[in-house]
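Pasted below: final09.cif, mmCIF, C-alpha atoms.
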data_model
loop_
_atom_site.label_atom_id
_atom_site.label_comp_id
_atom_site.auth_asym_id
_atom_site.auth_seq_id
_atom_site.Cartn_x
_atom_site.Cartn_y
_atom_site.Cartn_z
CA MET A 871 110.53 112.69 -34.02
CA LYS A 872 110.74 116.39 -33.19
CA SER A 873 107.06 116.48 -32.12
CA LEU A 874 107.64 113.41 -29.91
CA LYS A 875 110.53 115.16 -28.16
CA LYS A 876 108.34 118.21 -27.57
CA TYR A 877 105.59 115.99 -26.15
CA ILE A 878 108.02 114.22 -23.83
CA GLY A 879 109.51 117.58 -22.79
CA PHE A 880 106.00 118.90 -22.06
CA LEU A 881 105.20 115.89 -19.85
CA VAL A 882 108.54 116.10 -18.01
CA ASN A 883 108.04 119.82 -17.31
CA MET A 884 104.46 119.16 -16.17
CA ILE A 885 105.75 116.55 -13.68
CA TYR A 886 108.33 119.07 -12.46
CA GLY A 887 105.54 121.61 -12.05
CA CYS A 888 103.51 119.08 -10.05
CA ILE A 889 106.46 118.56 -7.69
CA ILE A 890 106.84 122.33 -7.26
CA GLY A 891 103.09 122.69 -6.67
CA VAL A 892 103.11 120.04 -3.94
CA ALA A 893 106.14 121.72 -2.34
CA ASN A 894 104.38 125.06 -2.28
CA ILE A 895 101.51 123.79 -0.10
CA ILE A 896 103.87 122.23 2.47
CA PRO A 897 104.93 124.69 5.22
CA GLY A 898 108.70 124.86 5.39
CA VAL A 899 109.27 123.46 1.91
CA SER A 900 110.29 125.87 -0.83
CA GLY A 901 109.02 125.56 -4.38
CA GLY A 902 112.10 127.56 -5.37
CA THR A 903 114.34 124.94 -3.75
CA MET A 904 112.53 122.19 -5.65
CA ALA A 905 113.07 124.12 -8.88
CA VAL A 906 116.80 124.37 -8.06
CA MET A 907 116.93 120.63 -7.34
CA LEU A 908 115.20 119.88 -10.65
CA ASN A 909 117.61 122.21 -12.47
CA ILE A 910 114.88 124.45 -13.90
CA TYR A 911 115.14 127.41 -11.52
CA ASP A 912 117.17 129.65 -13.85
CA LYS A 913 114.84 128.92 -16.77
CA LEU A 914 111.81 129.71 -14.58
CA ILE A 915 113.21 133.07 -13.53
CA ASP A 916 114.28 133.87 -17.11
CA SER A 917 110.82 132.93 -18.37
CA PHE A 918 109.05 135.26 -15.96
CA THR A 919 111.47 138.16 -16.34
CA GLY A 920 111.74 137.72 -20.13
CA LEU A 921 108.02 137.19 -20.72
CA ARG A 922 107.69 140.27 -22.92
CA LYS A 923 110.99 139.83 -24.75
CA HIS A 924 110.68 136.08 -25.44
CA PHE A 925 106.92 135.64 -25.15
CA LYS A 926 106.40 132.45 -27.23
CA LYS A 927 109.35 130.53 -25.77
CA SER A 928 108.56 131.72 -22.23
CA ILE A 929 104.91 130.65 -22.53
CA ALA A 930 105.90 127.29 -24.07
CA PHE A 931 108.07 126.60 -21.02
CA LEU A 932 105.72 128.05 -18.39
CA ILE A 933 102.43 126.43 -19.47
CA PRO A 934 103.35 122.82 -18.54
CA ILE A 935 105.07 124.00 -15.33
CA LEU A 936 102.05 126.03 -14.22
CA LEU A 937 99.59 123.32 -15.29
CA GLY A 938 101.53 120.73 -13.29
CA ALA A 939 101.73 123.07 -10.29
CA VAL A 940 97.95 123.54 -10.26
CA ILE A 941 97.42 119.77 -10.49
CA GLY A 942 99.92 119.20 -7.66
CA VAL A 943 98.27 121.79 -5.40
CA PHE A 944 94.71 120.49 -5.85
CA ALA A 945 95.65 116.79 -5.88
CA PHE A 946 97.62 116.85 -2.64
CA SER A 947 95.86 119.57 -0.60
CA LYS A 948 93.43 117.09 1.00
CA LEU A 949 96.27 114.75 1.93
CA ILE A 950 98.29 117.57 3.52
CA LYS A 951 95.24 118.81 5.42
CA TYR A 952 94.50 115.26 6.64
CA LEU A 953 98.08 114.61 7.78
CA ILE A 954 98.27 117.93 9.64
CA GLY A 955 94.98 117.16 11.41
CA VAL A 956 95.62 113.50 12.29
CA CYS A 957 99.38 113.29 12.92
CA PRO A 958 100.73 116.84 13.23
CA LEU A 959 103.99 116.01 15.06
CA PRO A 960 105.35 113.49 12.49
CA THR A 961 104.15 115.76 9.67
CA CYS A 962 105.88 118.72 11.31
CA PHE A 963 109.14 116.79 11.70
CA PHE A 964 108.96 115.62 8.07
CA PHE A 965 108.67 119.23 6.91
CA ILE A 966 111.58 120.23 9.15
CA GLY A 967 113.63 117.32 7.81
CA LEU A 968 113.05 118.52 4.25
CA ILE A 969 114.31 121.98 5.22
CA LEU A 970 117.45 120.69 6.94
CA GLY A 971 118.17 118.29 4.08
CA SER A 972 118.02 121.20 1.62
CA LEU A 973 120.69 123.22 3.45
CA PRO A 974 123.75 121.61 1.74
CA LEU A 975 122.34 122.56 -1.66
CA VAL A 976 121.94 126.22 -0.72
CA PHE A 977 125.38 126.27 0.95
CA ARG A 978 126.89 125.04 -2.32
CA LYS A 979 125.10 127.79 -4.21
CA ALA A 980 126.34 130.38 -1.69
CA LEU A 981 129.96 129.23 -1.99
CA GLU A 982 130.11 129.14 -5.78
CA THR A 983 132.02 132.42 -5.49
CA LYS A 984 134.88 133.24 -3.11
CA PHE A 985 133.63 133.55 0.47
CA LYS A 986 133.35 137.08 1.86
CA PRO A 987 133.02 137.49 5.66
CA VAL A 988 130.48 140.30 5.13
CA SER A 989 128.09 137.68 3.71
CA VAL A 990 127.54 136.36 7.25
CA ILE A 991 125.69 139.58 8.14
CA PRO A 992 122.52 138.82 6.11
CA LEU A 993 122.57 135.28 7.51
CA VAL A 994 122.54 136.57 11.10
CA VAL A 995 119.95 139.27 10.31
CA PHE A 996 117.48 136.91 8.64
CA LEU A 997 118.02 134.19 11.23
CA GLY A 998 117.14 136.80 13.86
CA ILE A 999 114.04 137.85 11.92
CA MET A 1000 112.83 134.27 11.64
CA THR A 1001 113.49 133.61 15.33
CA ALA A 1002 111.46 136.70 16.23
CA LEU A 1003 108.62 135.66 13.89
CA ALA A 1004 108.50 132.25 15.54
CA PHE A 1005 107.23 133.90 18.71
CA VAL A 1006 104.70 136.16 16.98
CA SER A 1007 101.33 134.72 17.95
CA THR A 1008 98.85 134.14 15.13
CA GLU A 1009 96.67 131.77 17.15
CA GLY A 1010 93.64 134.05 16.96
CA LYS A 1011 94.08 134.63 13.25
CA ASP A 1012 94.54 130.94 12.53
CA LYS A 1013 91.34 130.02 14.36
CA ALA A 1014 89.39 132.86 12.78
CA SER A 1015 90.71 132.02 9.32
CA ILE A 1016 88.85 128.71 9.29
CA GLU A 1017 85.54 130.59 9.15
CA LEU A 1018 86.79 133.75 7.50
CA THR A 1019 84.14 136.25 6.39
CA LEU A 1020 85.17 137.79 3.07
CA ASP A 1021 84.74 141.52 3.69
CA ILE A 1022 86.90 144.12 1.92
CA PHE A 1023 89.57 144.06 4.67
CA ASN A 1024 89.99 140.27 4.57
CA TRP A 1025 89.89 140.31 0.75
CA CYS A 1026 92.77 142.81 0.68
CA TYR A 1027 94.59 140.92 3.43
CA LEU A 1028 94.36 137.69 1.42
CA LEU A 1029 95.59 139.46 -1.72
CA VAL A 1030 98.55 141.22 -0.07
CA GLY A 1031 99.47 138.20 2.08
CA SER A 1032 99.36 135.86 -0.92
CA ALA A 1033 101.43 138.26 -3.01
CA PHE A 1034 104.10 138.42 -0.30
CA ALA A 1035 104.04 134.62 0.12
CA ALA A 1036 104.35 134.11 -3.65
CA MET A 1037 107.25 136.55 -3.78
CA CYS A 1038 108.94 134.52 -1.04
CA MET A 1039 108.15 131.09 -2.49
CA ILE A 1040 110.23 131.66 -5.63
CA ILE A 1041 113.31 132.22 -3.46
CA PRO A 1042 115.18 128.93 -2.96
CA GLY A 1043 114.91 127.92 0.68
CA VAL A 1044 111.93 130.11 1.57
CA SER A 1045 108.49 128.55 1.96
CA GLY A 1046 105.47 130.52 0.78
CA SER A 1047 103.19 128.30 2.88
CA MET A 1048 105.28 129.08 5.93
CA ILE A 1049 104.72 132.80 5.28
CA LEU A 1050 100.97 132.16 5.02
CA MET A 1051 101.15 130.28 8.33
CA ILE A 1052 102.93 133.20 9.99
CA LEU A 1053 100.28 135.58 8.61
CA GLY A 1054 97.48 133.33 9.87
CA LEU A 1055 96.17 132.56 6.36
CA TYR A 1056 97.39 129.01 5.81
CA ALA A 1057 94.27 127.30 7.21
CA THR A 1058 92.04 129.46 5.01
CA VAL A 1059 93.95 128.82 1.79
CA LEU A 1060 94.49 125.08 2.37
CA GLY A 1061 90.86 124.62 3.41
CA ALA A 1062 89.54 126.50 0.37
CA ILE A 1063 91.71 124.44 -1.99
CA SER A 1064 90.82 121.07 -0.47
CA ASP A 1065 87.07 121.85 -0.30
CA ILE A 1066 86.67 123.56 -3.70
CA PHE A 1067 84.66 120.68 -5.21
CA HIS A 1068 82.30 120.54 -2.21
CA HIS A 1069 81.86 124.28 -1.58
CA PHE A 1070 82.77 125.75 -4.94
CA MET A 1071 81.49 129.33 -4.68
CA THR A 1072 82.77 129.88 -1.12
CA SER A 1073 86.17 128.42 -1.97
CA PHE A 1074 86.33 130.30 -5.28
CA MET A 1075 85.61 133.65 -3.63
CA LEU A 1076 88.35 132.98 -1.06
CA LEU A 1077 90.85 131.81 -3.68
CA LEU A 1078 90.19 134.68 -6.11
CA PRO A 1079 92.25 137.28 -4.18
CA VAL A 1080 94.81 134.55 -3.44
CA GLY A 1081 95.21 133.83 -7.16
CA ILE A 1082 95.55 137.51 -8.05
CA GLY A 1083 98.09 137.97 -5.25
CA VAL A 1084 100.12 134.93 -6.36
CA ILE A 1085 100.33 136.23 -9.95
CA LEU A 1086 101.42 139.70 -8.81
CA GLY A 1087 103.91 138.25 -6.34
CA ILE A 1088 105.51 135.92 -8.87
CA VAL A 1089 105.75 138.50 -11.68
CA PHE A 1090 107.28 141.26 -9.53
CA GLY A 1091 109.11 138.88 -7.19
CA ALA A 1092 110.88 137.13 -10.06
CA LYS A 1093 112.41 140.40 -11.18
CA LEU A 1094 113.55 141.25 -7.64
CA VAL A 1095 115.03 137.79 -7.01
CA ASP A 1096 116.74 137.81 -10.41
CA LEU A 1097 118.30 141.19 -9.58
CA CYS A 1098 119.47 140.11 -6.11
CA ILE A 1099 121.01 136.84 -7.31
CA LYS A 1100 122.81 138.55 -10.20
CA LYS A 1101 124.08 141.55 -8.23
CA LEU A 1102 124.71 140.01 -4.77
CA PRO A 1103 124.62 136.22 -5.20
CA GLN A 1104 126.56 135.17 -2.10
CA GLN A 1105 124.83 137.63 0.23
CA THR A 1106 121.43 136.59 -1.17
CA PHE A 1107 122.05 132.89 -0.61
CA PHE A 1108 123.43 133.49 2.90
CA ALA A 1109 120.26 135.42 3.67
CA ILE A 1110 118.30 132.39 2.43
CA ILE A 1111 120.37 130.14 4.69
CA GLY A 1112 119.43 132.38 7.63
CA LEU A 1113 115.75 132.00 6.72
CA MET A 1114 116.13 128.23 6.44
CA LEU A 1115 117.94 127.89 9.77
CA GLY A 1116 115.21 129.85 11.51
CA SER A 1117 112.22 128.23 9.81
CA PRO A 1118 112.19 124.89 11.76
CA LEU A 1119 111.43 126.77 14.98
CA VAL A 1120 108.65 128.69 13.22
CA ILE A 1121 107.14 125.51 11.80
CA TYR A 1122 107.28 123.66 15.13
CA LEU A 1123 105.68 126.44 17.18
CA LYS A 1124 102.97 127.15 14.59
CA PHE A 1125 102.09 123.46 14.32
CA GLN A 1126 101.98 123.23 18.11
CA ALA A 1127 99.66 126.25 18.32
CA GLN A 1128 97.31 125.05 15.56
CA SER A 1129 97.19 121.38 16.64
CA SER A 1130 97.36 121.63 20.42
CA GLU A 1131 94.79 118.83 20.95
CA THR A 1132 96.57 116.28 18.69
CA PHE A 1133 100.17 117.49 19.17
CA VAL A 1134 101.13 114.61 21.51
CA LEU A 1135 104.72 114.51 22.84
CA SER A 1136 104.70 110.87 23.92
CA PRO A 1137 107.94 108.82 23.64
CA LEU A 1138 106.47 106.71 20.81
CA ASN A 1139 105.24 109.75 18.87
CA ILE A 1140 108.59 111.51 19.28
CA THR A 1141 110.46 108.41 18.06
CA ILE A 1142 108.21 108.05 15.02
CA SER A 1143 108.49 111.78 14.31
CA ALA A 1144 112.30 111.68 14.53
CA ALA A 1145 112.37 108.74 12.09
CA VAL A 1146 110.03 110.54 9.69
CA GLY A 1147 112.15 113.69 10.01
CA LEU A 1148 115.24 111.69 9.07
CA VAL A 1149 113.40 110.40 6.00
CA GLY A 1150 112.68 114.03 5.07
CA VAL A 1151 116.37 114.92 5.46
CA LEU A 1152 117.43 112.01 3.23
CA ILE A 1153 114.84 112.83 0.56
CA ALA A 1154 115.89 116.48 0.37
CA TRP A 1155 119.58 115.56 0.46
CA ALA A 1156 119.08 113.04 -2.38
CA PHE A 1157 117.29 115.62 -4.52
CA GLY A 1158 120.09 118.10 -3.85
CA SER A 1159 122.88 115.67 -4.81
CA GLU A 1160 124.93 116.59 -7.84
CA LYS A 1161 124.75 113.03 -9.21
CA LEU A 1162 120.94 113.01 -9.20
CA LYS A 1163 120.82 116.49 -10.74
CA ALA A 1164 123.17 115.34 -13.51
CA LYS A 1165 120.85 112.41 -14.28
CA LEU A 1166 117.82 114.72 -14.33
CA ARG A 1167 119.62 117.12 -16.68
CA LYS A 1168 120.43 114.23 -18.99
CA LYS A 1169 116.84 112.98 -19.01
CA ASN A 1170 115.51 116.50 -19.48
CA GLY A 1171 117.55 116.88 -22.67
CA ALA A 1172 114.39 116.10 -24.59
CA GLY A 1173 112.92 119.41 -23.49
CA LYS A 1174 115.67 121.65 -24.88
CA GLU A 1175 113.32 123.15 -27.44
CA THR A 1176 111.44 124.93 -24.64
CA GLU A 1177 114.52 126.50 -23.11
CA VAL A 1178 114.38 130.28 -22.86
CA PRO A 1179 117.47 132.11 -24.14
CA LYS A 1180 119.49 133.82 -21.46
CA LYS A 1181 119.26 137.59 -21.46
CA ALA A 1182 122.37 139.46 -22.49
#
What would the structure in this file look like if it were written as structure tokens?
Amino acid sequence: MKSLKKYIGFLVNMIYGCIIGVANIIPGVSGGTMAVMLNIYDKLIDSFTGLRKHFKKSIAFLIPILLGAVIGVFAFSKLIKYLIGVCPLPTCFFFIGLILGSLPLVFRKALETKFKPVSVIPLVVFLGIMTALAFVSTEGKDKASIELTLDIFNWCYLLVGSAFAAMCMIIPGVSGSMILMILGLYATVLGAISDIFHHFMTSFMLLLPVGIGVILGIVFGAKLVDLCIKKLPQQTFFAIIGLMLGSPLVIYLKFQAQSSETFVLSPLNITISAAVGLVGVLIAWAFGSEKLKAKLRKKNGAGKETEVPKKA
């Protein structure tokens, strides 16, 4: 009976990892937000930060999550690439809808403690940063990244950019893929993932620095995020809200720049895109609802054996 519960818990965590993996390849969607929605965010952070102290329990929890994330990334990369190429405007609006639908969840997290007016400052600062980044042109980088030559500069750029994106993606509300898009690396990474079975060596050489960067970003980023949330929780979440409020503009302008030939603003396309965006809002809002989270917690009770003890 105990082994059956462990098996079920492993499968449930692998499914959660798959959801997080899919989220991480969608610009504007945060894998950290998905982890919060699925009620495993705290355990993820504790597992990474307590890897040395609680190695066996941390690994037991992380393996199915990471395995599921890899499956999610590789299984859905072709679909995401296809949707961005064929119908960029509806895809863009769907991503934006997911971001807007996630806002109530982060607001609730921010207001778990008594509101302090000073917390508005990081919101304004990070909203301003995102607004400024929206108008930073990466058109040349995005076009060049499709046929990127892997010299030492680009190798280091992929590693550092991926590390920064990975550090951002574990923050609820911040999209690692969006950071890659801003840096002009999203087309390279998505293309390498989706074509790995057709052009293995080329894709592998491109993804090698990305993989190293992601590992470094997650390991060091988890400690930084854990520190910020524990020391300044309200200010941290208001900063995240600022990033989320500014990211729709970034996503829209980057999609427009990358898909100028297929980014059609016809009345029909706008109507369809608005409807798809509303679906995104409803999906994100549903995942953020307390009732759904309570049901997921109840169903995830079978995986309690993998839970990592909280640090003192």
- State, in Å with one decimal place, the distance from atom CA of A:Gly1083 to atom CA of A:Ser1032.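 So the answer is 5.0 Å.
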- Task: Using the chain letters and numbering of this document, enumerate as a PyMOL selection string the residues selected by the PyMOL selection byres ((chain A and resi 1143-1156) around 6).
- Result: chain A and resi 960+963-964+967-968+971-972+1139-1142+1157-1159
Output C-alpha atoms for every residue in the selection just made, as a compact mmCIF listing (two decimals), in the coordinates of the input.
# COMPACT_ATOMS: atom_id res chain seq x y z
CA PRO A 960 105.35 113.49 12.49
CA PHE A 963 109.14 116.79 11.70
CA PHE A 964 108.96 115.62 8.07
CA GLY A 967 113.63 117.32 7.81
CA LEU A 968 113.05 118.52 4.25
CA GLY A 971 118.17 118.29 4.08
CA SER A 972 118.02 121.20 1.62
CA ASN A 1139 105.24 109.75 18.87
CA ILE A 1140 108.59 111.51 19.28
CA THR A 1141 110.46 108.41 18.06
CA ILE A 1142 108.21 108.05 15.02
CA PHE A 1157 117.29 115.62 -4.52
CA GLY A 1158 120.09 118.10 -3.85
CA SER A 1159 122.88 115.67 -4.81
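Proximity to A:Ser947 was assessed for A:Leu973, A:Val892, A:Ile885, A:Leu1115 counting all atoms listed in the file; the smallest distance is recorded for A:Val892.
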Hey, what's within 12 Å of stretch 984-991 of chain A if we count all atoms listed in the file and toss same-chain stuff fewer than 2 positions away? As a PDB file with C-alpha atoms, in the frame of the given file, please?
ATOM      1  CA  PHE A 977     125.380 126.270   0.950  1.00  0.00           C
ATOM      2  CA  ARG A 978     126.890 125.040  -2.320  1.00  0.00           C
ATOM      3  CA  LYS A 979     125.100 127.790  -4.210  1.00  0.00           C
ATOM      4  CA  ALA A 980     126.340 130.380  -1.690  1.00  0.00           C
ATOM      5  CA  LEU A 981     129.960 129.230  -1.990  1.00  0.00           C
ATOM      6  CA  GLU A 982     130.110 129.140  -5.780  1.00  0.00           C
ATOM      7  CA  LEU A 993     122.570 135.280   7.510  1.00  0.00           C
ATOM      8  CA  VAL A 994     122.540 136.570  11.100  1.00  0.00           C
ATOM      9  CA  VAL A 995     119.950 139.270  10.310  1.00  0.00           C
ATOM     10  CA  PHE A 996     117.480 136.910   8.640  1.00  0.00           C
ATOM     11  CA  LEU A 997     118.020 134.190  11.230  1.00  0.00           C
ATOM     12  CA  GLY A 998     117.140 136.800  13.860  1.00  0.00           C
ATOM     13  CA  LEU A1102     124.710 140.010  -4.770  1.00  0.00           C
ATOM     14  CA  PRO A1103     124.620 136.220  -5.200  1.00  0.00           C
ATOM     15  CA  GLN A1104     126.560 135.170  -2.100  1.00  0.00           C
ATOM     16  CA  GLN A1105     124.830 137.630   0.230  1.00  0.00           C
ATOM     17  CA  THR A1106     121.430 136.590  -1.170  1.00  0.00           C
ATOM     18  CA  PHE A1107     122.050 132.890  -0.610  1.00  0.00           C
ATOM     19  CA  PHE A1108     123.430 133.490   2.900  1.00  0.00           C
ATOM     20  CA  ALA A1109     120.260 135.420   3.670  1.00  0.00           C
ATOM     21  CA  ILE A1110     118.300 132.390   2.430  1.00  0.00           C
ATOM     22  CA  ILE A1111     120.370 130.140   4.690  1.00  0.00           C
ATOM     23  CA  GLY A1112     119.430 132.380   7.630  1.00  0.00           C
TER      24      GLY A1112
END
- Message: Restricting the calculation to only C-alpha atoms: of A:Met884, A:Ile999, A:Leu908, A:Leu874, which residue gets closest to A:Pro934?
- Response: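 Closest residue, counting only C-alpha atoms: A:Met884.
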- Just the residues within 12 Å of A:Ile1088, please, counting only C-alpha atoms, with nothing from its chain fewer than 3 positions along; format it as number ranges by chain. A: 901-902, 914-915, 917-919, 936, 1032-1041, 1046, 1081-1085, 1091-1096
Which residues of stretch 922-989 of chain A sit at most 10 Å from stretch 1064-1079 of chain A, using all atoms listed in the file? Give each one's shortest atom pair and distance in Å (one decimal place), in chain and ascending residue order, as JSON lines.
{"residue": "A:Val943", "atom": "CA", "partner": "A:Ser1064", "partner_atom": "CA", "distance": 9.0}
{"residue": "A:Phe944", "atom": "CA", "partner": "A:Ser1064", "partner_atom": "CA", "distance": 6.7}
{"residue": "A:Ala945", "atom": "CA", "partner": "A:Ser1064", "partner_atom": "CA", "distance": 8.4}
{"residue": "A:Phe946", "atom": "CA", "partner": "A:Ser1064", "partner_atom": "CA", "distance": 8.3}
{"residue": "A:Ser947", "atom": "CA", "partner": "A:Ser1064", "partner_atom": "CA", "distance": 5.3}
{"residue": "A:Lys948", "atom": "CA", "partner": "A:Ser1064", "partner_atom": "CA", "distance": 5.0}
{"residue": "A:Leu949", "atom": "CA", "partner": "A:Ser1064", "partner_atom": "CA", "distance": 8.7}
{"residue": "A:Ile950", "atom": "CA", "partner": "A:Ser1064", "partner_atom": "CA", "distance": 9.2}
{"residue": "A:Lys951", "atom": "CA", "partner": "A:Ser1064", "partner_atom": "CA", "distance": 7.7}
{"residue": "A:Tyr952", "atom": "CA", "partner": "A:Ser1064", "partner_atom": "CA", "distance": 9.9}
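Shortest atom-to-atom contact with A:Gly891 among A:Gly955, A:Gly942, A:Pro1137, A:Gly920: A:Gly942, counting all atoms listed in the file.
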For stretch 1071-1099 of chain A, supply N, CA and C atoms and format the output as an mmCIF file, keeping the file's coordinate frame.
data_model
loop_
_atom_site.group_PDB
_atom_site.id
_atom_site.type_symbol
_atom_site.label_atom_id
_atom_site.label_comp_id
_atom_site.auth_asym_id
_atom_site.auth_seq_id
_atom_site.Cartn_x
_atom_site.Cartn_y
_atom_site.Cartn_z
ATOM 1 N N MET A 1071 81.583 127.864 -4.671
ATOM 2 C CA MET A 1071 81.490 129.330 -4.680
ATOM 3 C C MET A 1071 82.231 129.948 -3.498
ATOM 4 N N THR A 1072 82.074 129.352 -2.304
ATOM 5 C CA THR A 1072 82.770 129.880 -1.120
ATOM 6 C C THR A 1072 84.272 129.788 -1.300
ATOM 7 N N SER A 1073 84.729 128.622 -1.759
ATOM 8 C CA SER A 1073 86.170 128.420 -1.970
ATOM 9 C C SER A 1073 86.683 129.331 -3.078
ATOM 10 N N PHE A 1074 85.902 129.458 -4.146
ATOM 11 C CA PHE A 1074 86.330 130.300 -5.280
ATOM 12 C C PHE A 1074 86.495 131.747 -4.852
ATOM 13 N N MET A 1075 85.544 132.255 -4.077
ATOM 14 C CA MET A 1075 85.610 133.650 -3.630
ATOM 15 C C MET A 1075 86.801 133.882 -2.704
ATOM 16 N N LEU A 1076 87.171 132.863 -1.922
ATOM 17 C CA LEU A 1076 88.350 132.980 -1.060
ATOM 18 C C LEU A 1076 89.642 132.889 -1.874
ATOM 19 N N LEU A 1077 89.639 132.036 -2.896
ATOM 20 C CA LEU A 1077 90.850 131.810 -3.680
ATOM 21 C C LEU A 1077 91.076 132.872 -4.757
ATOM 22 N N LEU A 1078 90.042 133.642 -5.091
ATOM 23 C CA LEU A 1078 90.190 134.680 -6.110
ATOM 24 C C LEU A 1078 91.257 135.716 -5.739
ATOM 25 N N PRO A 1079 91.183 136.346 -4.549
ATOM 26 C CA PRO A 1079 92.250 137.280 -4.180
ATOM 27 C C PRO A 1079 93.601 136.589 -4.006
ATOM 28 N N VAL A 1080 93.566 135.317 -3.586
ATOM 29 C CA VAL A 1080 94.810 134.550 -3.440
ATOM 30 C C VAL A 1080 95.470 134.382 -4.805
ATOM 31 N N GLY A 1081 94.684 134.011 -5.814
ATOM 32 C CA GLY A 1081 95.210 133.830 -7.160
ATOM 33 C C GLY A 1081 95.793 135.097 -7.738
ATOM 34 N N ILE A 1082 95.064 136.216 -7.555
ATOM 35 C CA ILE A 1082 95.550 137.510 -8.050
ATOM 36 C C ILE A 1082 96.859 137.872 -7.343
ATOM 37 N N GLY A 1083 96.887 137.654 -6.025
ATOM 38 C CA GLY A 1083 98.090 137.970 -5.250
ATOM 39 C C GLY A 1083 99.277 137.116 -5.676
ATOM 40 N N VAL A 1084 99.040 135.830 -5.945
ATOM 41 C CA VAL A 1084 100.120 134.930 -6.360
ATOM 42 C C VAL A 1084 100.711 135.391 -7.699
ATOM 43 N N ILE A 1085 99.846 135.762 -8.648
ATOM 44 C CA ILE A 1085 100.330 136.230 -9.950
ATOM 45 C C ILE A 1085 101.174 137.493 -9.793
ATOM 46 N N LEU A 1086 100.675 138.455 -9.027
ATOM 47 C CA LEU A 1086 101.420 139.700 -8.810
ATOM 48 C C LEU A 1086 102.740 139.429 -8.097
ATOM 49 N N GLY A 1087 102.699 138.559 -7.092
ATOM 50 C CA GLY A 1087 103.910 138.250 -6.340
ATOM 51 C C GLY A 1087 104.969 137.580 -7.181
ATOM 52 N N ILE A 1088 104.550 136.630 -8.028
ATOM 53 C CA ILE A 1088 105.510 135.920 -8.870
ATOM 54 C C ILE A 1088 106.114 136.841 -9.919
ATOM 55 N N VAL A 1089 105.270 137.633 -10.591
ATOM 56 C CA VAL A 1089 105.750 138.500 -11.680
ATOM 57 C C VAL A 1089 106.753 139.524 -11.148
ATOM 58 N N PHE A 1090 106.389 140.228 -10.066
ATOM 59 C CA PHE A 1090 107.280 141.260 -9.530
ATOM 60 C C PHE A 1090 108.407 140.642 -8.693
ATOM 61 N N GLY A 1091 108.097 139.542 -7.999
ATOM 62 C CA GLY A 1091 109.110 138.880 -7.190
ATOM 63 C C GLY A 1091 110.219 138.269 -8.011
ATOM 64 N N ALA A 1092 109.876 137.737 -9.186
ATOM 65 C CA ALA A 1092 110.880 137.130 -10.060
ATOM 66 C C ALA A 1092 111.927 138.153 -10.480
ATOM 67 N N LYS A 1093 111.475 139.342 -10.788
ATOM 68 C CA LYS A 1093 112.410 140.400 -11.180
ATOM 69 C C LYS A 1093 113.330 140.784 -10.020
ATOM 70 N N LEU A 1094 112.756 140.877 -8.815
ATOM 71 C CA LEU A 1094 113.550 141.250 -7.640
ATOM 72 C C LEU A 1094 114.564 140.166 -7.299
ATOM 73 N N VAL A 1095 114.126 138.902 -7.313
ATOM 74 C CA VAL A 1095 115.030 137.790 -7.010
ATOM 75 C C VAL A 1095 116.134 137.699 -8.050
ATOM 76 N N ASP A 1096 115.760 137.859 -9.321
ATOM 77 C CA ASP A 1096 116.740 137.810 -10.410
ATOM 78 C C ASP A 1096 117.799 138.889 -10.209
ATOM 79 N N LEU A 1097 117.365 140.083 -9.807
ATOM 80 C CA LEU A 1097 118.300 141.190 -9.580
ATOM 81 C C LEU A 1097 119.231 140.903 -8.412
ATOM 82 N N CYS A 1098 118.661 140.400 -7.298
ATOM 83 C CA CYS A 1098 119.470 140.110 -6.110
ATOM 84 C C CYS A 1098 120.514 139.033 -6.377
ATOM 85 N N ILE A 1099 120.098 137.956 -7.054
ATOM 86 C CA ILE A 1099 121.010 136.840 -7.310
ATOM 87 C C ILE A 1099 122.114 137.243 -8.272
#
